[in-house]
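This report refers to the structure that appears directly beneath it.
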Amino acid sequence: MRSITTFDLQYAHRFYGFKGEAQYLHGHTGTLTIEVEDSVNMGVNMVFPCNEIQKTAWNILKNFDHALILREDDPLLPAILGVYEQQGIRNGAPQNTMKGEAFKTELATAYPECRVVVTKETMTVEGMIKIVYELLKDKLNIAKITFTSGVNAATCDFTVNRTQDRCPLCGIALTTEGVCPKCGYRKK
Ligand SMILES: [Zn+2]
Ligand SMILES: [Zn+2]
């Protein structure tokens with residue numbers, strides 16, 4: 001069965017080199033849906049608690065919210081970083097508090113200090129799905145990701161061929177030692 005969680009992400013981007021309106025900088029509210037697949041954990045009668053999926057994913061996804069997402073070869077990137085530098089906000093500001101955990105993968109690098117994500121490929125809805133899967137596949141048994149932004153939408157199914165050991169009392173993933181990080185339950 002599946003547990004399904006949805007997130008709203010507000011971001012700015014553009015399609016560098018694209019021959020259409022989207023070559024100009026603009027913003028969206030995107031909706032990302034993550035479906036986690038596993039057996040039903042009999043102890044709690046859930047696949048996975050959705051608030052725990054939220055916490056795990058949001059820690060990373062926060063980097064995309066109220067952020068600027070640009071491709072690595074986009075000349076806007078050095079231009080904007082130059083302005084941030086001049087303003088003294090390139091390396092952070094006291095008011096920038098909702099920061100995600102910095103990450104770097106093959107497809108994207110997050111700079112939470114200045115709310116920028118740099119991508120290898122153009123950040124389309126398809127591109128976002130690839131980036132999110134890469135970031136979360138080891139943490140969650142992701143069976144499907146859907147991303148909608150404006151009139152654009154894409155979805156992708158992924159094969160899940162493992163089960164996660166979960167706490168029978170609160171439902172969250174156990175550590176490799178078989179301990180629940182939330183309630184302290186120990187697997188016998
Ligand atoms: Zn757009
Ligand atoms: Zn527990």
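Residue numbers start at 1 in each chain; chains themselves are named A, B, ... in the order of the structure tokens; ligands are numbered from 1 in the order shown.
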
Around ligand 1, which protein and nucleic acid residues have at least one atom no more than 12 Å from it, if we count only C-alpha atoms and all ligand atoms? List them as a CSV table (one decimal) with N, CA, C and O atoms, in the first residue's frame.
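Output file selection_29.csv follows:
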```
chain,number,residue,atom,x,y,z
A,10,GLN,N,7.2,27.4,-3.4
A,10,GLN,CA,7.2,28.7,-4.1
A,10,GLN,C,8.6,29.0,-4.6
A,10,GLN,O,9.5,29.0,-3.7
A,11,TYR,N,8.8,29.2,-5.9
A,11,TYR,CA,10.1,29.4,-6.4
A,11,TYR,C,10.2,30.2,-7.6
A,11,TYR,O,9.1,30.4,-8.3
A,12,ALA,N,11.4,30.7,-7.9
A,12,ALA,CA,11.6,31.5,-9.2
A,12,ALA,C,12.6,30.7,-10.0
A,12,ALA,O,13.5,30.1,-9.5
A,13,HIS,N,12.4,30.8,-11.3
A,13,HIS,CA,13.4,30.1,-12.2
A,13,HIS,C,13.2,30.7,-13.6
A,13,HIS,O,12.4,31.6,-13.8
A,14,ARG,N,13.9,30.2,-14.5
A,14,ARG,CA,13.7,30.5,-15.9
A,14,ARG,C,14.3,29.3,-16.8
A,14,ARG,O,15.1,28.6,-16.2
A,15,PHE,N,13.9,29.2,-18.0
A,15,PHE,CA,14.5,28.2,-18.9
A,15,PHE,C,15.5,28.9,-19.7
A,15,PHE,O,15.1,29.5,-20.8
A,16,TYR,N,16.7,28.8,-19.3
A,16,TYR,CA,17.8,29.5,-20.1
A,16,TYR,C,17.9,28.9,-21.5
A,16,TYR,O,18.1,27.7,-21.6
A,18,PHE,N,15.7,28.8,-23.8
A,18,PHE,CA,14.4,28.3,-24.3
A,18,PHE,C,13.7,29.4,-25.1
A,18,PHE,O,13.7,30.5,-24.7
A,20,GLY,N,10.8,30.8,-25.7
A,20,GLY,CA,9.4,31.0,-25.3
A,20,GLY,C,9.4,32.0,-24.1
A,20,GLY,O,10.5,32.4,-23.7
A,21,GLU,N,8.3,32.3,-23.6
A,21,GLU,CA,8.2,33.2,-22.5
A,21,GLU,C,9.0,32.8,-21.3
A,21,GLU,O,9.5,33.6,-20.5
A,22,ALA,N,9.1,31.5,-21.1
A,22,ALA,CA,9.8,31.0,-19.9
A,22,ALA,C,11.3,31.2,-19.9
A,22,ALA,O,12.0,30.9,-18.9
A,23,GLN,N,11.8,31.9,-20.9
A,23,GLN,CA,13.2,32.3,-20.9
A,23,GLN,C,13.4,33.5,-20.0
A,23,GLN,O,14.5,33.9,-19.6
A,24,TYR,N,12.3,34.1,-19.6
A,24,TYR,CA,12.4,35.3,-18.7
A,24,TYR,C,12.1,34.8,-17.2
A,24,TYR,O,11.3,33.8,-17.0
A,25,LEU,N,12.8,35.4,-16.3
A,25,LEU,CA,12.7,35.0,-14.9
A,25,LEU,C,11.3,35.2,-14.4
A,25,LEU,O,10.6,36.2,-14.7
A,26,HIS,N,10.7,34.2,-13.8
A,26,HIS,CA,9.3,34.2,-13.3
A,26,HIS,C,9.2,33.3,-12.1
A,26,HIS,O,10.1,32.5,-11.8
A,27,GLY,N,8.0,33.3,-11.5
A,27,GLY,CA,7.8,32.5,-10.3
A,27,GLY,C,6.6,31.6,-10.4
A,27,GLY,O,5.7,31.7,-11.2
A,28,HIS,N,6.6,30.6,-9.5
A,28,HIS,CA,5.5,29.6,-9.4
A,28,HIS,C,5.2,29.2,-8.0
A,28,HIS,O,6.1,29.2,-7.2
A,29,THR,N,4.0,28.6,-7.8
A,29,THR,CA,3.8,27.8,-6.6
A,29,THR,C,3.6,26.4,-7.2
A,29,THR,O,2.7,26.1,-8.0
A,30,GLY,N,4.5,25.5,-6.9
A,30,GLY,CA,4.5,24.2,-7.4
A,30,GLY,C,4.0,23.2,-6.3
A,30,GLY,O,4.1,23.5,-5.1
A,68,LEU,N,15.6,30.7,-5.5
A,68,LEU,CA,15.8,31.0,-6.9
A,68,LEU,C,16.6,29.7,-7.5
A,68,LEU,O,17.6,29.3,-6.9
A,69,ILE,N,16.0,29.2,-8.5
A,69,ILE,CA,16.6,27.9,-9.1
A,69,ILE,C,17.1,28.2,-10.5
A,69,ILE,O,16.3,28.6,-11.4
A,70,LEU,N,18.4,28.1,-10.7
A,70,LEU,CA,19.0,28.5,-12.0
A,70,LEU,C,19.9,27.4,-12.5
A,70,LEU,O,20.6,26.7,-11.6
A,122,THR,N,17.9,22.1,-17.1
A,122,THR,CA,16.8,23.1,-16.9
A,122,THR,C,15.8,22.6,-15.9
A,122,THR,O,15.4,21.4,-15.9
A,123,MET,N,15.3,23.4,-15.0
A,123,MET,CA,14.4,23.0,-13.9
A,123,MET,C,12.9,23.1,-14.4
A,123,MET,O,12.2,23.9,-14.1
A,124,THR,N,12.6,22.1,-15.2
A,124,THR,CA,11.2,21.8,-15.6
A,124,THR,C,10.6,21.0,-14.6
A,124,THR,O,11.2,20.6,-13.6
A,125,VAL,N,9.3,20.7,-14.7
A,125,VAL,CA,8.6,19.8,-13.7
A,125,VAL,C,9.3,18.4,-13.8
A,125,VAL,O,9.5,17.7,-12.7
A,126,GLU,N,9.7,18.0,-15.0
A,126,GLU,CA,10.4,16.7,-15.1
A,126,GLU,C,11.7,16.7,-14.4
A,126,GLU,O,12.1,15.8,-13.7
A,127,GLY,N,12.4,17.8,-14.6
A,127,GLY,CA,13.7,18.0,-14.0
A,127,GLY,C,13.6,18.0,-12.5
A,127,GLY,O,14.5,17.3,-11.8
A,128,MET,N,12.6,18.6,-11.9
A,128,MET,CA,12.4,18.6,-10.5
A,128,MET,C,12.2,17.2,-9.9
A,128,MET,O,12.7,16.8,-8.9
A,148,THR,N,3.5,19.4,-10.1
A,148,THR,CA,2.7,20.3,-10.9
A,148,THR,C,3.1,21.8,-10.6
A,148,THR,O,3.3,22.1,-9.5
A,149,SER,N,3.2,22.5,-11.7
A,149,SER,CA,3.6,23.9,-11.5
A,149,SER,C,2.9,24.7,-12.7
A,149,SER,O,3.3,24.5,-13.8
A,150,GLY,N,2.0,25.6,-12.3
A,150,GLY,CA,1.3,26.3,-13.4
A,150,GLY,C,0.5,25.3,-14.2
A,150,GLY,O,-0.1,24.4,-13.6
A,151,VAL,N,0.6,25.4,-15.5
A,151,VAL,CA,-0.1,24.4,-16.3
A,151,VAL,C,0.7,23.1,-16.6
A,151,VAL,O,0.2,22.2,-17.3
A,152,ASN,N,1.9,23.1,-16.1
A,152,ASN,CA,2.8,22.0,-16.4
A,152,ASN,C,2.7,20.9,-15.2
A,152,ASN,O,2.6,21.3,-14.1
A,153,ALA,N,2.7,19.7,-15.6
A,153,ALA,CA,2.7,18.6,-14.7
A,153,ALA,C,3.4,17.4,-15.2
A,153,ALA,O,3.4,17.2,-16.4
```

**Request:** Looking only at helix (DSSP H, G or I) from DSSP on the backbone, list the matching residues of stretch 55-169 of chain A as number ranges by chain.
**Result:** A: 55-64, 76-87, 112-114, 125-136

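Taking only C-alpha atoms and all ligand atoms into account, ligand 2 has within 6 Å the residues Cys167, Leu169, Cys170, Cys180, Lys182, Cys183, Gly184 and Tyr185 of chain A.
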
With C-alpha atoms retained, write the just-selected residues as a PDB file, in the first residue's frame.
```
ATOM      1  CA  CYS A 167       8.624   1.045  14.768  1.00  0.00           C
ATOM      2  CA  LEU A 169       4.570   1.761  18.250  1.00  0.00           C
ATOM      3  CA  CYS A 170       4.985   5.045  16.325  1.00  0.00           C
ATOM      4  CA  CYS A 180      13.295   3.862  17.157  1.00  0.00           C
ATOM      5  CA  LYS A 182      11.443   8.767  18.400  1.00  0.00           C
ATOM      6  CA  CYS A 183      10.077   6.544  21.180  1.00  0.00           C
ATOM      7  CA  GLY A 184      13.121   4.405  21.998  1.00  0.00           C
ATOM      8  CA  TYR A 185      11.554   1.061  21.012  1.00  0.00           C
TER       9      TYR A 185
END
```

**Counting only C-alpha atoms, the option among A:Met98, A:Ala57, A:Val118, A:Val36 closest to A:Arg71** = A:Val118

**Item:** strand (DSSP E) positions in chain A, given as a PyMOL selection string
**Value:** chain A and resi 2-13+26-37+67-71+108-111+116-119+142-149+152-157

**Request:** Compile the contact shell of stretch 134-146 of chain A as a VMD selection string: residues with an atom at most 10 Å away, counting only C-alpha atoms, same-chain residues fewer than 5 positions apart removed.
**Result:** chain A and resid 2 to 6 31 to 38 48 53 56 to 57 60 to 61 103 to 108 125 to 126 128 to 129 153 to 164 173

**Request:** Find the spatial neighbours of stretch 82-88 of chain A, counting only C-alpha atoms, within a cut-off of 12 Å - ignore same-chain residues fewer than 6 positions away - and output them as a list in words.
**Result:** Pro75, Leu76, Pro94, Glu113, Cys114, Arg115 and Val116 of chain A

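Between atom CA of A:Val132 and atom CA of A:Met1 there is a distance of 21.3 Å.
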
**Complete:** Using only C-alpha atoms, the shortest atom-to-atom distance to A:Glu52 among A:Ala102, A:Ile89, A:Ala67, A:Ile172 belongs to A:Ile172

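We find atom CA of A:Phe147 and atom CA of A:Lys130 to be spaced 10.5 Å apart.
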
Contacts of A:Gln54 at 9 Å (only C-alpha atoms; same-chain gap of 4+ positions) as a tab-separated table (two decimals) with C-alpha atoms, in the first residue's frame:
```tsv
chain	number	residue	atom	x	y	z
A	5	THR	CA	2.16	13.42	1.14
A	6	THR	CA	1.91	16.77	-0.64
A	7	PHE	CA	4.08	19.90	-0.39
A	49	PRO	CA	3.17	8.30	9.12
A	50	CYS	CA	2.67	11.17	6.65
A	58	TRP	CA	10.91	19.05	4.01
A	59	ASN	CA	14.36	19.21	5.60
```

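Between atom CA of A:Glu72 and atom CA of A:Leu9 the interatomic distance comes to 20.8 Å.
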